[in-house]
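Asks: So here's protein.cif, just mmCIF, C-alpha atoms and all ligand atoms:
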data_model
loop_
_atom_site.label_atom_id
_atom_site.label_comp_id
_atom_site.auth_asym_id
_atom_site.auth_seq_id
_atom_site.Cartn_x
_atom_site.Cartn_y
_atom_site.Cartn_z
CA MET V 1 92.05 60.23 108.25
CA THR V 2 89.73 57.67 109.85
CA ASN V 3 89.98 53.94 109.26
CA ALA V 4 86.61 53.91 107.44
CA HIS V 5 88.41 53.27 104.14
CA LYS V 6 89.39 49.83 105.44
CA ASN V 7 85.73 48.83 105.14
CA THR V 8 85.38 50.06 101.55
CA ARG V 9 83.96 47.17 99.56
CA ILE V 10 86.03 46.76 96.40
CA ALA V 11 84.97 44.93 93.25
CA LEU V 12 87.76 44.05 90.85
CA LEU V 13 86.78 43.06 87.32
CA GLY V 14 89.60 41.41 85.40
CA LEU V 15 92.05 38.89 86.80
CA GLY V 16 94.82 38.90 84.25
CA ALA V 17 98.42 39.29 85.40
CA MET V 18 97.84 42.84 86.61
CA GLY V 19 94.36 42.33 88.06
CA THR V 20 95.57 39.33 90.05
CA ALA V 21 98.50 41.33 91.45
CA LEU V 22 96.12 44.13 92.51
CA ALA V 23 93.75 41.64 94.10
CA ARG V 24 96.56 40.04 96.12
CA ALA V 25 97.72 43.43 97.40
CA TRP V 26 94.24 44.37 98.65
CA LEU V 27 93.66 40.94 100.15
CA ALA V 28 97.02 41.06 101.92
CA ALA V 29 95.92 44.38 103.44
CA GLY V 30 92.67 42.80 104.62
CA ARG V 31 90.41 44.80 102.32
CA PRO V 32 86.94 43.44 101.50
CA LEU V 33 87.25 42.33 97.87
CA THR V 34 84.90 40.72 95.38
CA VAL V 35 86.41 39.55 92.10
CA TRP V 36 84.99 38.66 88.72
CA ASN V 37 86.78 37.28 85.68
CA ARG V 38 85.57 35.98 82.32
CA THR V 39 87.48 32.77 82.99
CA PRO V 40 86.28 31.88 86.50
CA ALA V 41 89.16 29.51 87.23
CA LYS V 42 91.46 32.50 87.71
CA ALA V 43 89.39 33.54 90.74
CA GLU V 44 89.77 30.23 92.56
CA ALA V 45 93.17 30.86 94.16
CA LEU V 46 92.05 34.36 95.22
CA ALA V 47 88.89 32.92 96.78
CA ALA V 48 91.12 30.65 98.87
CA GLU V 49 92.99 33.81 99.98
CA GLY V 50 89.77 35.52 101.11
CA ALA V 51 88.21 37.14 98.05
CA GLY V 52 84.51 36.90 97.38
CA THR V 53 83.70 35.72 93.88
CA ALA V 54 80.89 36.98 91.67
CA ALA V 55 79.18 35.05 88.92
CA SER V 56 78.72 38.14 86.75
CA PRO V 57 80.00 41.72 86.43
CA ALA V 58 76.61 42.98 87.67
CA GLU V 59 76.85 40.83 90.80
CA ALA V 60 80.38 42.09 91.51
CA VAL V 61 79.37 45.73 91.04
CA ALA V 62 76.28 45.33 93.23
CA ALA V 63 78.49 44.03 96.07
CA ALA V 64 80.85 47.03 96.01
CA ASP V 65 81.29 50.72 96.73
CA LEU V 66 84.41 50.98 94.62
CA VAL V 67 84.54 49.24 91.22
CA VAL V 68 87.99 48.72 89.68
CA LEU V 69 88.38 47.60 86.08
CA CYS V 70 91.61 45.99 84.87
CA LEU V 71 90.76 44.46 81.53
CA LEU V 72 92.44 43.94 78.20
CA ASP V 73 91.18 47.07 76.42
CA GLY V 74 88.35 49.57 76.10
CA ALA V 75 86.18 47.29 73.98
CA THR V 76 86.38 44.70 76.75
CA VAL V 77 85.31 47.29 79.33
CA ASP V 78 82.33 48.19 77.11
CA ALA V 79 81.31 44.56 76.85
CA VAL V 80 81.79 43.75 80.53
CA LEU V 81 79.84 46.76 81.83
CA ASP V 82 77.08 46.54 79.22
CA GLY V 83 73.75 46.83 81.06
CA VAL V 84 75.36 46.93 84.53
CA ASP V 85 73.77 49.41 86.97
CA LEU V 86 76.49 51.84 88.11
CA THR V 87 74.23 54.24 90.01
CA GLY V 88 76.01 55.62 93.08
CA LYS V 89 79.19 53.65 92.41
CA ASP V 90 82.75 54.91 92.28
CA VAL V 91 84.38 53.51 89.15
CA ILE V 92 88.11 53.39 88.41
CA ASP V 93 89.30 52.15 85.04
CA LEU V 94 92.92 50.94 85.10
CA THR V 95 92.64 49.48 81.60
CA THR V 96 95.14 51.07 79.22
CA GLY V 97 93.52 53.45 76.72
CA THR V 98 93.86 56.78 74.97
CA PRO V 99 93.11 60.15 76.58
CA ALA V 100 90.07 60.55 74.30
CA ALA V 101 88.71 57.17 75.33
CA ALA V 102 89.14 58.07 79.02
CA ARG V 103 87.19 61.30 78.53
CA GLU V 104 84.42 59.40 76.76
CA ARG V 105 84.37 56.82 79.56
CA ALA V 106 84.09 59.58 82.17
CA ALA V 107 81.08 61.07 80.39
CA TRP V 108 79.60 57.59 79.95
CA ALA V 109 80.02 56.79 83.67
CA GLY V 110 78.64 60.17 84.70
CA ALA V 111 75.54 59.58 82.60
CA ARG V 112 75.06 56.33 84.56
CA GLY V 113 75.23 58.05 87.95
CA ALA V 114 78.81 57.02 88.79
CA ARG V 115 81.85 59.01 89.80
CA PHE V 116 84.82 58.16 87.59
CA LEU V 117 88.60 58.08 87.67
CA ASP V 118 90.87 56.86 84.92
CA GLY V 119 94.16 55.29 85.90
CA GLY V 120 97.47 54.52 84.22
CA ILE V 121 99.57 51.88 85.93
CA MET V 122 103.28 52.66 85.88
CA ALA V 123 104.47 49.22 86.94
CA VAL V 124 104.64 45.59 85.94
CA PRO V 125 102.76 43.02 88.05
CA PRO V 126 105.65 41.92 90.33
CA MET V 127 106.06 45.55 91.46
CA ILE V 128 102.47 45.73 92.73
CA GLY V 129 102.21 45.55 96.53
CA ALA V 130 106.00 45.32 96.80
CA ALA V 131 107.35 47.95 99.21
CA GLY V 132 109.98 50.18 97.63
CA SER V 133 109.38 48.90 94.09
CA GLY V 134 108.72 52.39 92.76
CA ALA V 135 105.34 51.37 91.35
CA TYR V 136 102.74 54.09 91.04
CA VAL V 137 99.42 54.69 89.36
CA LEU V 138 98.46 57.94 87.67
CA TYR V 139 94.87 59.03 88.26
CA SER V 140 92.69 61.70 86.66
CA GLY V 141 89.01 62.59 86.75
CA SER V 142 86.92 63.02 89.88
CA ARG V 143 89.01 64.63 92.62
CA GLU V 144 86.27 63.75 95.12
CA LEU V 145 86.52 60.07 94.25
CA TYR V 146 90.31 60.18 94.51
CA ASP V 147 90.25 61.88 97.90
CA ALA V 148 87.60 59.49 99.22
CA HIS V 149 89.55 56.37 98.23
CA ARG V 150 93.15 57.51 98.31
CA ALA V 151 94.16 55.23 101.19
CA THR V 152 92.69 52.23 99.36
CA LEU V 153 94.43 53.21 96.12
CA GLU V 154 97.77 53.48 97.89
CA VAL V 155 97.70 49.84 99.01
CA PRO V 156 98.90 48.25 95.73
CA ALA V 157 101.11 51.15 94.55
CA GLY V 158 101.76 54.84 94.98
CA ALA V 159 98.93 57.09 93.83
CA ARG V 160 99.48 60.28 91.80
CA PHE V 161 96.53 62.53 90.91
CA VAL V 162 97.36 64.44 87.73
CA GLY V 163 94.18 66.42 87.02
CA THR V 164 90.42 66.60 86.85
CA ASP V 165 90.53 66.15 83.06
CA ALA V 166 89.88 62.40 82.86
CA GLY V 167 92.23 62.14 79.86
CA TYR V 168 95.31 63.32 81.74
CA ALA V 169 96.26 60.00 83.36
CA ALA V 170 96.28 58.26 79.96
CA LEU V 171 98.20 61.15 78.41
CA HIS V 172 100.83 61.03 81.16
CA ASP V 173 100.94 57.23 80.85
CA VAL V 174 101.55 57.34 77.09
CA ALA V 175 104.12 60.12 77.44
CA LEU V 176 106.03 58.21 80.11
CA LEU V 177 105.96 55.03 78.05
CA CYS V 178 107.27 56.92 75.02
CA GLY V 179 110.09 58.22 77.21
CA MET V 180 110.81 54.66 78.29
CA TYR V 181 110.89 53.29 74.74
CA GLY V 182 113.15 56.12 73.60
CA LEU V 183 115.52 55.20 76.41
CA PHE V 184 115.30 51.51 75.53
CA ALA V 185 116.14 52.34 71.90
CA GLY V 186 119.28 54.17 72.98
CA MET V 187 120.25 51.36 75.35
CA MET V 188 119.79 48.80 72.60
CA GLN V 189 121.94 50.84 70.20
CA ALA V 190 124.66 51.23 72.82
CA THR V 191 124.69 47.51 73.60
CA ALA V 192 124.74 46.54 69.92
CA LEU V 193 127.80 48.75 69.37
CA VAL V 194 129.92 47.09 72.04
CA GLU V 195 128.72 43.52 71.61
CA GLY V 196 130.94 41.28 69.55
CA GLU V 197 134.06 43.19 70.63
CA GLY V 198 134.84 41.09 73.67
CA ILE V 199 133.30 43.75 75.92
CA ASP V 200 131.42 42.11 78.80
CA ARG V 201 127.78 43.23 78.84
CA ALA V 202 127.70 42.84 82.62
CA ALA V 203 130.55 45.34 82.91
CA PHE V 204 129.15 47.71 80.28
CA THR V 205 125.56 47.95 81.56
CA PRO V 206 126.39 49.75 84.85
CA LEU V 207 128.38 52.32 82.87
CA LEU V 208 125.38 52.83 80.62
CA THR V 209 122.81 53.19 83.41
CA GLU V 210 125.06 55.53 85.39
CA TRP V 211 125.58 57.71 82.31
CA LEU V 212 121.87 57.76 81.47
CA GLY V 213 120.99 58.65 85.05
CA ALA V 214 123.35 61.60 84.98
CA MET V 215 122.24 62.76 81.52
CA THR V 216 118.49 62.48 82.14
CA ALA V 217 118.93 64.54 85.31
CA ALA V 218 120.99 67.14 83.42
CA HIS V 219 118.47 67.23 80.55
CA ALA V 220 115.56 67.67 82.95
CA ALA V 221 117.44 70.58 84.50
CA GLY V 222 117.74 72.18 81.06
CA ALA V 223 121.49 71.72 80.68
CA SER V 224 121.30 70.56 77.04
CA ALA V 225 119.92 73.93 76.02
CA GLY V 226 122.98 75.72 77.35
CA ALA V 227 126.09 76.97 75.60
CA ASP V 228 128.17 74.14 77.12
CA SER V 229 126.75 71.61 74.65
CA ASN V 230 125.58 73.67 71.73
CA LEU V 231 123.60 72.08 68.93
CA ALA V 232 126.17 72.68 66.14
CA MET V 233 128.76 70.77 68.16
CA GLN V 234 126.28 67.93 68.81
CA VAL V 235 125.28 67.67 65.15
CA ALA V 236 128.95 67.55 64.11
CA GLY V 237 129.44 64.74 66.61
CA THR V 238 126.66 62.62 65.13
CA ALA V 239 128.89 61.98 62.09
CA THR V 240 131.28 60.12 64.42
CA LEU V 241 128.41 58.16 65.95
CA LEU V 242 127.08 57.15 62.53
CA ARG V 243 130.52 56.26 61.19
CA THR V 244 131.22 54.10 64.24
CA ALA V 245 127.89 52.32 63.83
CA GLN V 246 128.80 51.60 60.22
CA ASP V 247 132.25 50.34 61.19
CA GLN V 248 130.74 48.08 63.85
CA GLY V 249 128.16 46.73 61.39
CA VAL V 250 125.28 48.13 63.44
CA SER V 251 122.18 49.79 61.99
CA ALA V 252 121.61 53.39 63.09
CA GLU V 253 117.84 53.16 62.55
CA LEU V 254 116.98 53.63 66.23
CA VAL V 255 118.93 56.87 66.70
CA LEU V 256 118.86 58.39 63.22
CA PRO V 257 115.45 60.14 63.57
CA TYR V 258 116.72 62.07 66.59
CA PHE V 259 119.91 63.06 64.77
CA ARG V 260 117.82 64.27 61.80
CA LEU V 261 115.66 66.39 64.08
CA MET V 262 118.78 68.03 65.53
CA GLU V 263 120.01 68.75 61.98
CA ARG V 264 116.66 70.30 61.03
CA ARG V 265 116.75 72.54 64.08
CA LEU V 266 120.31 73.60 63.33
CA ALA V 267 119.41 74.43 59.72
CA GLN V 268 116.40 76.40 60.88
CA GLY V 269 118.43 78.67 63.16
CA THR V 270 117.31 80.37 66.33
CA GLY V 271 115.59 83.36 64.76
CA ASP V 272 112.38 82.33 66.51
CA GLY V 273 113.98 83.05 69.88
CA LEU V 274 113.64 79.46 71.10
CA ASP V 275 116.50 77.54 72.71
CA ASP V 276 117.58 74.26 71.09
CA THR V 277 115.36 71.99 73.17
CA ALA V 278 112.29 74.20 72.77
CA GLY V 279 113.04 74.51 69.04
CA MET V 280 113.22 70.74 68.58
CA LEU V 281 109.99 70.29 70.54
CA ALA V 282 108.31 72.86 68.29
CA LEU V 283 109.47 70.94 65.20
CA LEU V 284 107.99 67.73 66.61
CA ARG V 285 104.63 69.33 67.30
CA ARG V 286 104.16 70.51 63.75
N1 LIG V 301 100.86 43.56 82.74
C1 LIG V 301 101.56 44.67 82.52
O1 LIG V 301 102.76 44.69 82.57
C2 LIG V 301 100.88 45.99 82.19
C3 LIG V 301 101.36 47.10 83.09
C4 LIG V 301 100.71 48.42 82.77
C5 LIG V 301 99.19 48.30 82.68
N2 LIG V 301 98.80 47.20 81.84
C6 LIG V 301 97.38 47.21 81.47
O2 LIG V 301 96.57 46.54 82.44
C7 LIG V 301 95.45 45.94 81.76
C8 LIG V 301 95.39 44.47 82.12
O3 LIG V 301 96.66 43.90 81.84
P1 LIG V 301 97.00 42.40 82.25
O4 LIG V 301 98.48 42.31 82.32
O5 LIG V 301 96.24 41.99 83.44
O6 LIG V 301 96.47 41.63 80.93
P2 LIG V 301 96.08 40.09 80.74
O7 LIG V 301 96.91 39.26 81.67
O8 LIG V 301 96.18 39.85 79.30
O9 LIG V 301 94.56 40.01 81.23
C9 LIG V 301 93.51 40.55 80.45
C10 LIG V 301 92.22 40.53 81.23
O10 LIG V 301 91.15 40.94 80.36
C11 LIG V 301 90.17 39.87 80.31
N3 LIG V 301 89.53 39.82 79.01
C12 LIG V 301 90.12 39.80 77.80
N4 LIG V 301 89.19 39.77 76.83
C13 LIG V 301 87.98 39.74 77.44
C14 LIG V 301 86.64 39.69 77.00
N5 LIG V 301 86.34 39.69 75.70
N6 LIG V 301 85.64 39.70 77.92
C15 LIG V 301 85.93 39.72 79.25
N7 LIG V 301 87.20 39.78 79.76
C16 LIG V 301 88.20 39.76 78.86
C17 LIG V 301 90.94 38.62 80.61
O11 LIG V 301 90.04 37.62 81.00
P3 LIG V 301 90.43 36.06 80.82
O12 LIG V 301 91.20 35.94 79.53
O13 LIG V 301 91.26 35.71 82.01
O14 LIG V 301 89.12 35.37 80.78
C18 LIG V 301 91.86 39.10 81.73
O15 LIG V 301 91.17 39.22 82.92
C19 LIG V 301 95.67 46.15 80.26
O16 LIG V 301 94.88 47.23 79.81
C20 LIG V 301 97.15 46.48 80.17
O17 LIG V 301 97.46 47.30 79.06
C21 LIG V 301 99.37 45.91 82.23
#
How would this structure read if it were set down as structure tokens?
Ligand code: FVH
Replies:
Amino acid sequence: MTNAHKNTRIALLGLGAMGTALARAWLAAGRPLTVWNRTPAKAEALAAEGAGTAASPAEAVAAADLVVLCLLDGATVDAVLDGVDLTGKDVIDLTTGTPAAARERAAWAGARGARFLDGGIMAVPPMIGAAGSGAYVLYSGSRELYDAHRATLEVPAGARFVGTDAGYAALHDVALLCGMYGLFAGMMQATALVEGEGIDRAAFTPLLTEWLGAMTAAHAAGASAGADSNLAMQVAGTATLLRTAQDQGVSAELVLPYFRLMERRLAQGTGDGLDDTAGMLALLRR
């Protein structure tokens, strides 16, 4: 790869917490950057760090090859790009949205003569530009755009292309966030059970994270579908978990839906030929 990407002129529209973190990462790497924000004061510190500032979205877009959007929501993107000439531009929308909205945006950008990528940021602002933070951004849409700008995209965070269907980045993003919240729900339940018993949270938390690390790896490898931990045994065990929650004065509302799904699968039986995990997934999809 040549160093031509280092001259790519970037316009960043949106200087909230995430946009500002992205801007700082590109500036630190010496990339030519023009920023625009509805509230201009947020651009002042970045200007002092080397960013060009634009008085309008149109001015920012005109000054760039690569246009990056990091705004509150889709309606904001609509408003900000209203009437802006995107002909010949490469547009990346990092604003959180649904898969359907990303597909609509891709068609909308294509009709305006732009190549388009949708992005889903898997990080919080302090992780951006921080080596080894684990931050990455999911991208989907134009493979050509991704290949052309990959080195630029990898400055603030890792870059993962997940498909030419523009909706795939948002779909992966939402799926990963749902996984995260499910995990958080379990962690909250676990912590609530031990709290108030003189158990030190600082001592308990490493046990919890170690256990979850081992179990998520085993689950990903398909171990839960095996005979070693059959569903009937697991469903029988949930009675103990629920009784303990009751005894501890802790609501089971965060874990109960999962227990109920296991019970439904057990009652249904395996006549459909699916293993337990596949059977529970099938129940969810209906
Ligand atoms: N911050 C995070 O942890 C998450 C991580 C995962 C990805 N999200 C998404 O990133 C988008 C931006 O998030 P953010 O954290 O930068 O959000 P804010 O700090 O609230 O900044 C919002 C920006 O949007 C501008 N804005 C809002 N309304 C309008 C409007 N009507 N017209 C023009 N711009 C508007 C706002 O401008 P201002 O308030 O400074 O004038 C900010 O630039 C988001 O999709 C997350 O879901 C972040």
Asks: Residues within 7 Å of ligand LIG 301 (chain V) should be enumerated using all atoms listed in the file and returned as a PyMOL selection string.
Replies: chain V and resi 14-19+37-39+42+70-73+76+79-80+94-96+120-125
Asks: Restrict the calculation to only C-alpha atoms, then for each residue of segment 68-107 of chain V with any atom at most 9 Å from an atom of segment 168-187 of chain V give the closest atom pair and their distance in Å to one decimal, rows by chain and rising residue number, as JSON lines.
Replies:
{"residue": "V:Thr96", "atom": "CA", "partner": "V:Ala170", "partner_atom": "CA", "distance": 7.3}
{"residue": "V:Gly97", "atom": "CA", "partner": "V:Ala170", "partner_atom": "CA", "distance": 6.4}
{"residue": "V:Thr98", "atom": "CA", "partner": "V:Ala170", "partner_atom": "CA", "distance": 5.7}
{"residue": "V:Pro99", "atom": "CA", "partner": "V:Ala170", "partner_atom": "CA", "distance": 5.0}
{"residue": "V:Ala100", "atom": "CA", "partner": "V:Ala170", "partner_atom": "CA", "distance": 8.7}
{"residue": "V:Ala101", "atom": "CA", "partner": "V:Ala170", "partner_atom": "CA", "distance": 8.9}
{"residue": "V:Ala102", "atom": "CA", "partner": "V:Ala170", "partner_atom": "CA", "distance": 7.2}
{"residue": "V:Arg103", "atom": "CA", "partner": "V:Tyr168", "partner_atom": "CA", "distance": 9.0}
Asks: Residues of the last selection are to be written out with C-alpha atoms, as a PDB file, in the coordinates of the input.
Replies:
ATOM      1  CA  THR V  96      95.140  51.070  79.220  1.00  0.00           C
ATOM      2  CA  GLY V  97      93.520  53.450  76.720  1.00  0.00           C
ATOM      3  CA  THR V  98      93.860  56.780  74.970  1.00  0.00           C
ATOM      4  CA  PRO V  99      93.110  60.150  76.580  1.00  0.00           C
ATOM      5  CA  ALA V 100      90.070  60.550  74.300  1.00  0.00           C
ATOM      6  CA  ALA V 101      88.710  57.170  75.330  1.00  0.00           C
ATOM      7  CA  ALA V 102      89.140  58.070  79.020  1.00  0.00           C
ATOM      8  CA  ARG V 103      87.190  61.300  78.530  1.00  0.00           C
TER       9      ARG V 103
END
Asks: Taking only C-alpha atoms into account, which of V:Ala114, V:Ala51, V:Ala148, V:Ala157 comes nearest Lys6 of chain V?
Replies: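 So, comparing all the options, the nearest one is V:Ala148.
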Asks: Please determine, counting all atoms listed in the file, which residue among V:Gly222, V:Gly249, V:Pro32, V:Gly88 has the shortest atom-to-atom distance to Ala62 of chain V.
Replies: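 Between V:Gly222, V:Gly249, V:Pro32, V:Gly88, the residue approaching Ala62 of chain V most closely is V:Gly88.
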Asks: For atom CA of Ala55 of chain V and atom CA of Ala106 of chain V, quote the distance in Å rounded to one decimal.
Replies: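 A separation of 25.9 Å between them.
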Asks: Which residues, written as a PyMOL selection string, have at least one atom at most 9 Å from segment 261-277 of chain V, with all atoms listed in the file counted and residues fewer than 4 positions away on the same chain left out?
Replies: chain V and resi 222+224-226+230-232+234-235+256-257+281-284
Asks: I'd like the contact shell of Ala28 of chain V - 12 Å cut-off, only C-alpha atoms, skipping same-chain residues fewer than 6 positions apart - returned as a list in words.
Replies: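 Using only C-alpha atoms, the neighbours found are Ala21, Leu22, Leu46, Glu49, Gly50, Ala51, Ile128, Gly129, Ala130, Val155 and Pro156 of chain V.
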Asks: Based on the selection just made, write C-alpha atoms of those residues as a PDB file, in the frame of the given file.
Replies:
ATOM      1  CA  ALA V  21      98.500  41.330  91.450  1.00  0.00           C
ATOM      2  CA  LEU V  22      96.120  44.130  92.510  1.00  0.00           C
ATOM      3  CA  LEU V  46      92.050  34.360  95.220  1.00  0.00           C
ATOM      4  CA  GLU V  49      92.990  33.810  99.980  1.00  0.00           C
ATOM      5  CA  GLY V  50      89.770  35.520 101.110  1.00  0.00           C
ATOM      6  CA  ALA V  51      88.210  37.140  98.050  1.00  0.00           C
ATOM      7  CA  ILE V 128     102.470  45.730  92.730  1.00  0.00           C
ATOM      8  CA  GLY V 129     102.210  45.550  96.530  1.00  0.00           C
ATOM      9  CA  ALA V 130     106.000  45.320  96.800  1.00  0.00           C
ATOM     10  CA  VAL V 155      97.700  49.840  99.010  1.00  0.00           C
ATOM     11  CA  PRO V 156      98.900  48.250  95.730  1.00  0.00           C
TER      12      PRO V 156
END
Asks: Do you have the atom CA of Leu145 of chain V-atom CA of Asp90 of chain V distance handy?
Replies: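 Those two atoms sit 6.7 Å apart.
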Asks: Restricting the calculation to all atoms listed in the file: of V:Ala203, V:Ala278, V:Ala214, V:Leu117, which residue gets closest to Glu104 of chain V?
Replies: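 Under the stated criterion, the closest residue is V:Leu117.
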Asks: Using only C-alpha atoms, which residue out of V:Thr238, V:Asn7, V:Ser133, V:Ser140 lies closest to Ile92 of chain V?
Replies: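 That would be V:Ser140, the residue with the smallest distance to Ile92 of chain V.
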Asks: One decimal, Å: what's the distance from atom CA of His5 of chain V over to atom CA of Ala151 of chain V, could you say?
Replies: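 A separation of 6.8 Å between them.
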Asks: Can I get segment 129-137 of chain V with all heavy atoms filled in, as a CSV table (one decimal), in the frame of the given file?
Replies:
chain,number,residue,atom,x,y,z
V,129,GLY,N,102.2,46.0,95.1
V,129,GLY,CA,102.2,45.6,96.5
V,129,GLY,C,103.6,45.3,97.1
V,129,GLY,O,103.7,44.8,98.2
V,130,ALA,N,104.6,45.6,96.3
V,130,ALA,CA,106.0,45.3,96.8
V,130,ALA,C,106.6,46.6,97.3
V,130,ALA,O,106.8,47.6,96.5
V,130,ALA,CB,106.9,44.8,95.7
V,131,ALA,N,106.8,46.7,98.6
V,131,ALA,CA,107.4,48.0,99.2
V,131,ALA,C,108.7,48.4,98.5
V,131,ALA,O,109.5,47.5,98.3
V,131,ALA,CB,107.6,47.7,100.7
V,132,GLY,N,108.7,49.6,98.2
V,132,GLY,CA,110.0,50.2,97.6
V,132,GLY,C,110.2,49.8,96.2
V,132,GLY,O,111.3,50.1,95.6
V,133,SER,N,109.2,49.3,95.5
V,133,SER,CA,109.4,48.9,94.1
V,133,SER,C,109.4,50.1,93.1
V,133,SER,O,109.8,50.0,92.0
V,133,SER,CB,108.3,47.9,93.7
V,133,SER,OG,107.0,48.6,93.5
V,134,GLY,N,108.8,51.2,93.6
V,134,GLY,CA,108.7,52.4,92.8
V,134,GLY,C,107.4,52.4,91.9
V,134,GLY,O,107.2,53.3,91.1
V,135,ALA,N,106.6,51.4,92.1
V,135,ALA,CA,105.3,51.4,91.4
V,135,ALA,C,104.4,52.5,91.7
V,135,ALA,O,104.3,52.9,92.9
V,135,ALA,CB,104.6,50.1,91.6
V,136,TYR,N,103.8,53.1,90.7
V,136,TYR,CA,102.7,54.1,91.0
V,136,TYR,C,101.7,54.1,90.0
V,136,TYR,O,101.9,53.6,88.8
V,136,TYR,CB,103.3,55.5,91.3
V,136,TYR,CG,103.9,56.2,90.1
V,136,TYR,CD1,103.2,56.9,89.2
V,136,TYR,CD2,105.3,56.1,89.9
V,136,TYR,CE1,103.8,57.5,88.1
V,136,TYR,CE2,105.9,56.7,88.9
V,136,TYR,CZ,105.2,57.4,87.9
V,136,TYR,OH,105.8,58.1,86.9
V,137,VAL,N,100.5,54.6,90.3
V,137,VAL,CA,99.4,54.7,89.4
V,137,VAL,C,99.0,56.1,89.2
V,137,VAL,O,98.9,56.9,90.2
V,137,VAL,CB,98.2,53.9,89.8
V,137,VAL,CG1,97.1,53.9,88.8
V,137,VAL,CG2,98.6,52.4,90.1
